[in-house]
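Raw contents of model16.cif, mmCIF, C-alpha atoms and all ligand atoms:
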data_structure
loop_
_atom_site.label_atom_id
_atom_site.label_comp_id
_atom_site.auth_asym_id
_atom_site.auth_seq_id
_atom_site.Cartn_x
_atom_site.Cartn_y
_atom_site.Cartn_z
CA MET Y 858 -6.11 -0.12 19.01
CA ARG Y 859 -2.84 -1.95 19.51
CA LEU Y 860 -2.06 0.30 22.47
CA SER Y 861 -5.31 -0.44 24.26
CA ILE Y 862 -4.78 -4.19 23.94
CA TYR Y 863 -1.37 -3.84 25.51
CA ALA Y 864 -2.80 -1.72 28.29
CA PHE Y 865 -5.36 -4.43 29.00
CA LEU Y 866 -2.79 -7.22 29.01
CA CYS Y 867 -0.60 -5.23 31.33
CA VAL Y 868 -3.38 -4.73 33.88
CA THR Y 869 -4.20 -8.43 33.73
CA CYS Y 870 -0.66 -9.64 34.31
CA PHE Y 871 0.00 -7.07 37.01
CA GLY Y 872 -3.16 -8.09 38.88
CA GLY Y 873 -2.30 -11.77 38.50
CA ALA Y 874 1.18 -11.34 39.90
CA LEU Y 875 -0.12 -9.43 42.91
CA ALA Y 876 -2.96 -11.85 43.56
CA SER Y 877 -0.48 -14.61 44.32
CA ALA Y 878 1.37 -12.43 46.84
CA GLU Y 879 0.41 -12.84 50.49
CA THR Y 880 -0.34 -9.70 52.44
CA GLY Y 881 0.93 -11.52 55.53
CA VAL Y 882 -1.36 -9.83 58.03
CA ALA Y 883 -4.81 -11.39 57.62
CA SER Y 884 -5.86 -13.97 60.21
CA PRO Y 885 -9.15 -14.88 61.93
CA ASP Y 886 -8.70 -12.35 64.76
CA GLY Y 887 -6.39 -10.00 62.89
CA LEU Y 888 -3.43 -8.16 64.37
CA ASP Y 889 -3.40 -7.67 68.15
CA GLY Y 890 -4.62 -4.49 69.76
CA LEU Y 891 -5.57 -1.29 68.02
CA VAL Y 892 -4.17 -1.49 64.50
CA LYS Y 893 -2.35 1.57 63.18
CA VAL Y 894 -1.66 2.13 59.51
CA GLU Y 895 2.11 1.89 60.13
CA GLN Y 896 1.68 -1.82 60.98
CA LEU Y 897 0.08 -2.59 57.62
CA PRO Y 898 1.99 -3.58 54.48
CA VAL Y 899 2.63 -0.95 51.81
CA PRO Y 900 1.16 -2.40 48.61
CA ASP Y 901 3.17 -2.30 45.36
CA ASP Y 902 0.01 -1.30 43.51
CA PRO Y 903 -0.10 2.53 43.57
CA LEU Y 904 -3.91 2.61 43.84
CA LEU Y 905 -3.89 0.33 46.87
CA ALA Y 906 -1.09 2.43 48.35
CA LYS Y 907 -3.32 5.50 48.00
CA GLY Y 908 -6.12 3.56 49.69
CA ARG Y 909 -3.76 2.82 52.58
CA ASP Y 910 -3.12 6.54 53.09
CA VAL Y 911 -6.83 7.33 53.07
CA TRP Y 912 -7.44 4.47 55.50
CA GLY Y 913 -4.82 5.82 57.91
CA GLY Y 914 -6.30 9.31 57.73
CA THR Y 915 -9.97 8.52 58.32
CA CYS Y 916 -10.99 4.86 58.58
CA GLN Y 917 -8.38 3.78 61.14
CA ASN Y 918 -10.23 5.64 63.89
CA CYS Y 919 -12.95 2.99 63.92
CA HIS Y 920 -11.70 0.10 61.76
CA GLY Y 921 -8.41 -0.19 63.65
CA GLY Y 922 -10.30 -2.36 66.12
CA ASN Y 923 -12.13 0.14 68.28
CA LYS Y 924 -14.77 -2.22 69.72
CA TYR Y 925 -17.07 0.56 70.91
CA THR Y 926 -17.74 1.66 67.36
CA GLY Y 927 -18.80 -1.83 66.18
CA ALA Y 928 -16.64 -1.41 63.07
CA PRO Y 929 -15.16 -4.61 61.58
CA LYS Y 930 -11.45 -4.72 62.43
CA ILE Y 931 -8.98 -4.48 59.57
CA THR Y 932 -6.92 -7.72 59.05
CA SER Y 933 -9.57 -9.88 60.80
CA THR Y 934 -10.96 -12.43 58.37
CA LYS Y 935 -13.62 -13.36 60.95
CA ALA Y 936 -14.89 -9.79 60.83
CA TRP Y 937 -14.58 -9.44 57.05
CA ASN Y 938 -15.31 -12.76 55.25
CA ALA Y 939 -19.09 -12.46 55.24
CA ARG Y 940 -18.93 -8.77 54.38
CA ILE Y 941 -16.57 -9.42 51.47
CA ASP Y 942 -18.98 -12.11 50.24
CA GLN Y 943 -21.56 -9.36 49.67
CA GLY Y 944 -19.40 -8.08 46.82
CA MET Y 945 -17.35 -4.94 46.38
CA ASP Y 946 -20.28 -2.98 44.94
CA VAL Y 947 -22.26 -3.34 48.17
CA LEU Y 948 -19.24 -2.49 50.33
CA VAL Y 949 -18.45 0.60 48.27
CA ASP Y 950 -22.08 1.71 48.32
CA HIS Y 951 -22.18 1.37 52.12
CA ALA Y 952 -18.90 3.24 52.49
CA LEU Y 953 -19.95 6.11 50.20
CA ASN Y 954 -23.51 6.50 51.42
CA GLY Y 955 -23.32 5.11 54.93
CA PHE Y 956 -25.47 2.38 56.46
CA VAL Y 957 -26.74 1.03 59.75
CA GLY Y 958 -26.01 -2.62 60.47
CA PRO Y 959 -28.28 -5.21 62.14
CA LYS Y 960 -26.99 -4.20 65.60
CA TYR Y 961 -27.77 -0.54 64.94
CA MET Y 962 -24.12 0.38 64.64
CA GLU Y 963 -23.57 3.09 62.09
CA MET Y 964 -21.05 3.30 59.30
CA PRO Y 965 -21.18 7.05 58.53
CA ALA Y 966 -21.05 8.11 54.86
CA ARG Y 967 -17.38 8.49 53.80
CA GLY Y 968 -16.38 7.56 57.35
CA GLY Y 969 -17.69 10.98 58.38
CA ASN Y 970 -15.06 12.77 56.28
CA GLU Y 971 -17.00 14.70 53.65
CA SER Y 972 -13.83 16.00 52.02
CA LEU Y 973 -12.99 12.51 50.66
CA THR Y 974 -13.68 11.99 46.95
CA ASP Y 975 -15.55 8.92 45.65
CA GLU Y 976 -12.25 7.57 44.37
CA GLN Y 977 -10.51 7.95 47.72
CA VAL Y 978 -13.32 6.08 49.49
CA LYS Y 979 -13.27 3.29 46.88
CA LEU Y 980 -9.50 2.88 47.23
CA ALA Y 981 -9.75 2.80 51.03
CA VAL Y 982 -12.38 0.04 50.80
CA ALA Y 983 -10.17 -1.89 48.35
CA PHE Y 984 -7.18 -1.57 50.68
CA MET Y 985 -9.17 -2.68 53.73
CA VAL Y 986 -10.51 -5.71 51.84
CA TRP Y 987 -7.04 -6.50 50.45
CA VAL Y 988 -5.42 -6.76 53.91
CA SER Y 989 -8.41 -8.52 55.46
CA GLY Y 990 -8.34 -11.70 53.39
CA GLY Y 991 -9.87 -10.39 50.17
CA VAL Y 992 -6.84 -10.04 47.88
CA ASP Y 993 -8.66 -11.27 44.76
CA PRO Y 994 -11.89 -9.24 45.10
CA ALA Y 995 -9.86 -6.11 45.85
CA LEU Y 996 -7.64 -6.54 42.78
CA ASP Y 997 -10.57 -7.45 40.51
CA PHE Y 998 -12.34 -4.30 41.67
CA LEU Y 999 -9.31 -2.09 40.99
CA ALA Y 1000 -8.80 -3.63 37.54
CA GLN Y 1001 -12.27 -2.51 36.44
CA LEU Y 1002 -12.04 1.07 37.74
CA PRO Y 1003 -11.81 3.68 34.94
CA GLN Y 1004 -8.13 4.45 34.37
C1 LIG T 1101 -17.12 6.44 63.12
C2 LIG T 1101 -16.64 5.09 62.91
C3 LIG T 1101 -16.32 4.68 61.50
C4 LIG T 1101 -15.42 5.27 60.61
C5 LIG T 1101 -14.54 6.50 60.84
C6 LIG T 1101 -15.42 4.44 59.43
N1 LIG T 1101 -16.29 3.39 59.58
FE1 LIG T 1101 -16.65 1.92 58.21
N2 LIG T 1101 -17.94 1.02 59.51
C7 LIG T 1101 -18.26 1.49 60.79
C8 LIG T 1101 -19.17 0.55 61.42
C9 LIG T 1101 -19.76 0.68 62.81
C10 LIG T 1101 -19.40 -0.48 60.48
C11 LIG T 1101 -20.26 -1.74 60.67
C12 LIG T 1101 -21.74 -1.48 60.65
C13 LIG T 1101 -22.46 -2.79 60.90
O1 LIG T 1101 -22.47 -3.65 59.99
O2 LIG T 1101 -22.96 -2.97 61.99
C14 LIG T 1101 -18.60 -0.16 59.31
C15 LIG T 1101 -18.55 -0.93 58.18
C16 LIG T 1101 -17.82 -0.64 57.05
C17 LIG T 1101 -17.78 -1.45 55.86
C18 LIG T 1101 -18.53 -2.76 55.65
C19 LIG T 1101 -19.86 -2.52 55.01
C20 LIG T 1101 -20.72 -3.76 54.92
O3 LIG T 1101 -21.62 -3.75 54.10
O4 LIG T 1101 -20.49 -4.73 55.64
C21 LIG T 1101 -16.95 -0.83 54.96
C22 LIG T 1101 -16.60 -1.29 53.56
C23 LIG T 1101 -16.47 0.36 55.61
N3 LIG T 1101 -17.01 0.46 56.86
C24 LIG T 1101 -15.59 1.24 55.03
C25 LIG T 1101 -15.07 2.37 55.67
C26 LIG T 1101 -14.11 3.25 55.05
C27 LIG T 1101 -13.55 3.09 53.66
C28 LIG T 1101 -13.83 4.22 55.97
C29 LIG T 1101 -12.90 5.39 55.82
C30 LIG T 1101 -13.12 6.24 54.67
C31 LIG T 1101 -14.63 3.92 57.16
N4 LIG T 1101 -15.37 2.79 56.94
C32 LIG T 1101 -14.64 4.69 58.31
C33 LIG T 1101 -17.76 2.62 61.38
C34 LIG T 1101 -16.84 3.49 60.82
#
This entry written out as C-alpha cells:
Amino acid sequence: MRLSIYAFLCVTCFGGALASAETGVASPDGLDGLVKVEQLPVPDDPLLAKGRDVWGGTCQNCHGGNKYTGAPKITSTKAWNARIDQGMDVLVDHALNGFVGPKYMEMPARGGNESLTDEQVKLAVAFMVWVSGGVDPALDFLAQLPQ
C-alpha cells in the first residue's frame, strides 16, 4: 500500500519536472529540411527515449518531412497542433490501425511495420507529440500507461 503511493508520487513529480523542460525544437514550420532522428533531443524519460528509437526506425521515413507522403512533419506545431487537439487516444488509434485523412493521404497501420508492438507504436506517437509542441499531452499519456 505504502509502496504504491510512493510509486504514484514519483511518477507525478517526474512528469511535472519534465513538463517544464523545453524540447527546444518545436516551432511553427519545424526544423529545416528532412528531419533525421539524430537532430532530435534525447529525452530523459526512458519511455520517450524508446519512442525516439522506434520513430527513427520506421516513422522518420514519412514524418521527417517528406511532402509527397502528406505526413505531418515532426517538430512542426503548424502540422501538429490540431492533430494533438484530437487527444492522444485518437492519435494512437490512427497510428495502430491506420487511417486515411481528408486529402486521401494514408497513414498505414503501424507505419507499415507490422513487427512493431502496440507499446512501441504508442511510445513513438508520444515522442512525436512531445517534440512537436505537445509536451504535456505526451507526458500525461505516458503517466497513465500500465507500468
Ligand atoms: C508511409 C508513410 C508513413 C509512415 C512510415 C508513418 N506515417 Fe504516420 N502518417 C502518414 C500520413 C500520410 C499521415 C496523415 C494522414 C492525413 O491526415 O492526411 C500520418 C499521420 C499520423 C498521425 C496523426 C494522426 C491523426 O489523427 O492526425 C500519427 C499519430 C502518426 N501518423 C503516427 C505514426 C507513427 C507512430 C509512425 C511510425 C510507427 C508513422 N506514423 C509512420 C504517413 C506515414
For Val911 of chain Y: contacts at 7 Å, only C-alpha atoms, fewer than 4 positions along chain excluded, given as a ChimeraX atom specification | /Y:907,915,977,981
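Proximity of Y:Arg909, Y:Lys893, Y:Lys935, Y:His920 to ligand LIG 1101 (chain T), computed with all atoms listed in the file, is greatest for Y:His920.
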Neighbour list for Ala966 of chain Y as a PyMOL selection string, cut-off 8 Å, all atoms listed in the file, skip fewer than 5 positions in-chain = chain Y and resi 951-956+971
Near Asp910 of chain Y, within 12 Å and counting all atoms listed in the file, which residues show up once chain neighbours fewer than 6 positions away are dropped, as an mmCIF file with C-alpha atoms, keeping the file's coordinate frame?
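The resulting file, out27.cif, is shown below:
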data_model
loop_
_atom_site.group_PDB
_atom_site.id
_atom_site.type_symbol
_atom_site.label_atom_id
_atom_site.label_comp_id
_atom_site.auth_asym_id
_atom_site.auth_seq_id
_atom_site.Cartn_x
_atom_site.Cartn_y
_atom_site.Cartn_z
ATOM 1 C CA LYS Y 893 -2.350 1.570 63.180
ATOM 2 C CA VAL Y 894 -1.660 2.130 59.510
ATOM 3 C CA GLU Y 895 2.110 1.890 60.130
ATOM 4 C CA LEU Y 897 0.080 -2.590 57.620
ATOM 5 C CA PRO Y 898 1.990 -3.580 54.480
ATOM 6 C CA VAL Y 899 2.630 -0.950 51.810
ATOM 7 C CA PRO Y 900 1.160 -2.400 48.610
ATOM 8 C CA PRO Y 903 -0.100 2.530 43.570
ATOM 9 C CA LEU Y 904 -3.910 2.610 43.840
ATOM 10 C CA CYS Y 916 -10.990 4.860 58.580
ATOM 11 C CA GLN Y 917 -8.380 3.780 61.140
ATOM 12 C CA LEU Y 973 -12.990 12.510 50.660
ATOM 13 C CA GLN Y 977 -10.510 7.950 47.720
ATOM 14 C CA VAL Y 978 -13.320 6.080 49.490
ATOM 15 C CA LEU Y 980 -9.500 2.880 47.230
ATOM 16 C CA ALA Y 981 -9.750 2.800 51.030
ATOM 17 C CA VAL Y 982 -12.380 0.040 50.800
ATOM 18 C CA ALA Y 983 -10.170 -1.890 48.350
ATOM 19 C CA PHE Y 984 -7.180 -1.570 50.680
ATOM 20 C CA MET Y 985 -9.170 -2.680 53.730
#
Quick one: 3 Å padding each side, axis-aligned, all listed atoms of ligand LIG 1101 (chain T) - centre and edge lengths in Å to one decimal, as lines of an AutoDock Vina configuration file?
center_x = -17.9
center_y = 0.9
center_z = 58.3
size_x = 16.1
size_y = 17.2
size_z = 15.6
Separation of atom CA of Asp950 of chain Y from atom C32 of ligand LIG 1101 (chain T), in Å and rounded to one decimal =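 Answer for the atom CA of Asp950 of chain Y to atom C32 of ligand LIG 1101 (chain T) separation: 12.8 Å.
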Find, counting only C-alpha atoms and all ligand atoms, the residue in Y:Asp902, Y:Asp889, Y:Gly968, Y:Pro1003 that gets nearest to ligand LIG 1101 (chain T).
-> Y:Gly968
Between atom C3 of ligand LIG 1101 (chain T) and atom CA of Val988 of chain Y, distance in Å (one decimal) |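 Going from atom C3 of ligand LIG 1101 (chain T) over to atom CA of Val988 of chain Y, I get 17.5 Å.
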Counting only C-alpha atoms, which of Y:Ala995, Y:Leu891, Y:Ala883, Y:Cys919 gets nearest to Pro965 of chain Y?
->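 So, comparing all the options, the nearest one is Y:Cys919.
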Looking at only C-alpha atoms, which of Y:Leu996, Y:Gly887, Y:Val986, Y:Glu879 is the one that sits closest to Lys930 of chain Y?
->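 Between Y:Leu996, Y:Gly887, Y:Val986, Y:Glu879, the residue approaching Lys930 of chain Y most closely is Y:Gly887.
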Closest of Y:Ala939, Y:Met945, Y:Ala1000, Y:Ala928 to ligand LIG 1101 (chain T), counting all atoms listed in the file, is Y:Ala928
Which one is closest to ligand LIG 1101 (chain T): Y:Pro885, Y:Gly991, Y:Gly944, Y:Gly958? Count all atoms listed in the file.
-> Y:Gly958
Atom CA of Thr880 of chain Y and atom CA of Asn970 of chain Y are how many Å apart?
-> 27.1 Å
Can we get segment 902-975 of chain Y of that structure written down with C-alpha atoms, as an mmCIF file, in the first residue's frame?
data_model
loop_
_atom_site.group_PDB
_atom_site.id
_atom_site.type_symbol
_atom_site.label_atom_id
_atom_site.label_comp_id
_atom_site.auth_asym_id
_atom_site.auth_seq_id
_atom_site.Cartn_x
_atom_site.Cartn_y
_atom_site.Cartn_z
ATOM 1 C CA ASP Y 902 12.332 9.790 -19.785
ATOM 2 C CA PRO Y 903 13.269 6.208 -20.778
ATOM 3 C CA LEU Y 904 9.868 5.549 -22.381
ATOM 4 C CA LEU Y 905 10.138 8.630 -24.585
ATOM 5 C CA ALA Y 906 13.700 7.622 -25.436
ATOM 6 C CA LYS Y 907 12.375 4.244 -26.622
ATOM 7 C CA GLY Y 908 9.767 6.095 -28.680
ATOM 8 C CA ARG Y 909 12.562 8.097 -30.295
ATOM 9 C CA ASP Y 910 14.302 4.890 -31.407
ATOM 10 C CA VAL Y 911 11.098 3.493 -32.879
ATOM 11 C CA TRP Y 912 10.456 6.814 -34.621
ATOM 12 C CA GLY Y 913 13.920 6.761 -36.204
ATOM 13 C CA GLY Y 914 13.448 3.186 -37.385
ATOM 14 C CA THR Y 915 10.028 3.464 -39.017
ATOM 15 C CA CYS Y 916 8.182 6.778 -38.750
ATOM 16 C CA GLN Y 917 11.024 9.044 -39.906
ATOM 17 C CA ASN Y 918 10.613 7.841 -43.481
ATOM 18 C CA CYS Y 919 7.405 9.844 -43.839
ATOM 19 C CA HIS Y 920 7.158 12.087 -40.765
ATOM 20 C CA GLY Y 921 10.652 13.531 -41.252
ATOM 21 C CA GLY Y 922 9.029 15.993 -43.642
ATOM 22 C CA ASN Y 923 8.639 14.002 -46.835
ATOM 23 C CA LYS Y 924 5.995 16.193 -48.514
ATOM 24 C CA TYR Y 925 4.972 13.564 -51.052
ATOM 25 C CA THR Y 926 3.630 11.314 -48.327
ATOM 26 C CA GLY Y 927 1.378 14.021 -46.805
ATOM 27 C CA ALA Y 928 2.586 13.036 -43.327
ATOM 28 C CA PRO Y 929 2.660 15.822 -40.706
ATOM 29 C CA LYS Y 930 6.286 16.841 -40.146
ATOM 30 C CA ILE Y 931 7.806 16.172 -36.749
ATOM 31 C CA THR Y 932 8.681 19.396 -34.794
ATOM 32 C CA SER Y 933 6.160 21.488 -36.800
ATOM 33 C CA THR Y 934 3.498 22.875 -34.480
ATOM 34 C CA LYS Y 935 1.543 24.078 -37.532
ATOM 35 C CA ALA Y 936 1.305 20.476 -38.714
ATOM 36 C CA TRP Y 937 0.600 19.032 -35.264
ATOM 37 C CA ASN Y 938 -1.478 21.440 -33.102
ATOM 38 C CA ALA Y 939 -4.880 20.492 -34.492
ATOM 39 C CA ARG Y 940 -3.981 16.811 -34.528
ATOM 40 C CA ILE Y 941 -2.826 16.924 -30.911
ATOM 41 C CA ASP Y 942 -6.115 18.629 -30.006
ATOM 42 C CA GLN Y 943 -7.913 15.430 -31.042
ATOM 43 C CA GLY Y 944 -6.402 13.734 -28.000
ATOM 44 C CA MET Y 945 -3.793 11.029 -27.621
ATOM 45 C CA ASP Y 946 -6.369 8.231 -27.809
ATOM 46 C CA VAL Y 947 -7.370 9.223 -31.345
ATOM 47 C CA LEU Y 948 -3.745 9.627 -32.441
ATOM 48 C CA VAL Y 949 -2.774 6.250 -31.025
ATOM 49 C CA ASP Y 950 -5.799 4.586 -32.605
ATOM 50 C CA HIS Y 951 -4.896 6.065 -36.004
ATOM 51 C CA ALA Y 952 -1.268 5.009 -35.624
ATOM 52 C CA LEU Y 953 -2.120 1.436 -34.600
ATOM 53 C CA ASN Y 954 -4.946 0.821 -37.044
ATOM 54 C CA GLY Y 955 -4.135 3.246 -39.834
ATOM 55 C CA PHE Y 956 -6.406 5.890 -41.325
ATOM 56 C CA VAL Y 957 -7.000 7.944 -44.441
ATOM 57 C CA GLY Y 958 -7.098 11.711 -43.974
ATOM 58 C CA PRO Y 959 -9.407 14.254 -45.680
ATOM 59 C CA LYS Y 960 -6.958 14.607 -48.598
ATOM 60 C CA TYR Y 961 -6.886 10.850 -49.133
ATOM 61 C CA MET Y 962 -3.362 10.541 -47.803
ATOM 62 C CA GLU Y 963 -2.854 7.308 -45.930
ATOM 63 C CA MET Y 964 -1.283 6.687 -42.568
ATOM 64 C CA PRO Y 965 -0.614 2.925 -42.804
ATOM 65 C CA ALA Y 966 -1.262 0.819 -39.676
ATOM 66 C CA ARG Y 967 1.913 0.784 -37.516
ATOM 67 C CA GLY Y 968 3.596 2.934 -40.169
ATOM 68 C CA GLY Y 969 3.606 -0.174 -42.363
ATOM 69 C CA ASN Y 970 5.911 -2.039 -39.956
ATOM 70 C CA GLU Y 971 3.885 -4.996 -38.706
ATOM 71 C CA SER Y 972 6.687 -6.156 -36.421
ATOM 72 C CA LEU Y 973 6.130 -3.178 -34.076
ATOM 73 C CA THR Y 974 4.293 -3.961 -30.831
ATOM 74 C CA ASP Y 975 1.377 -1.833 -29.593
#
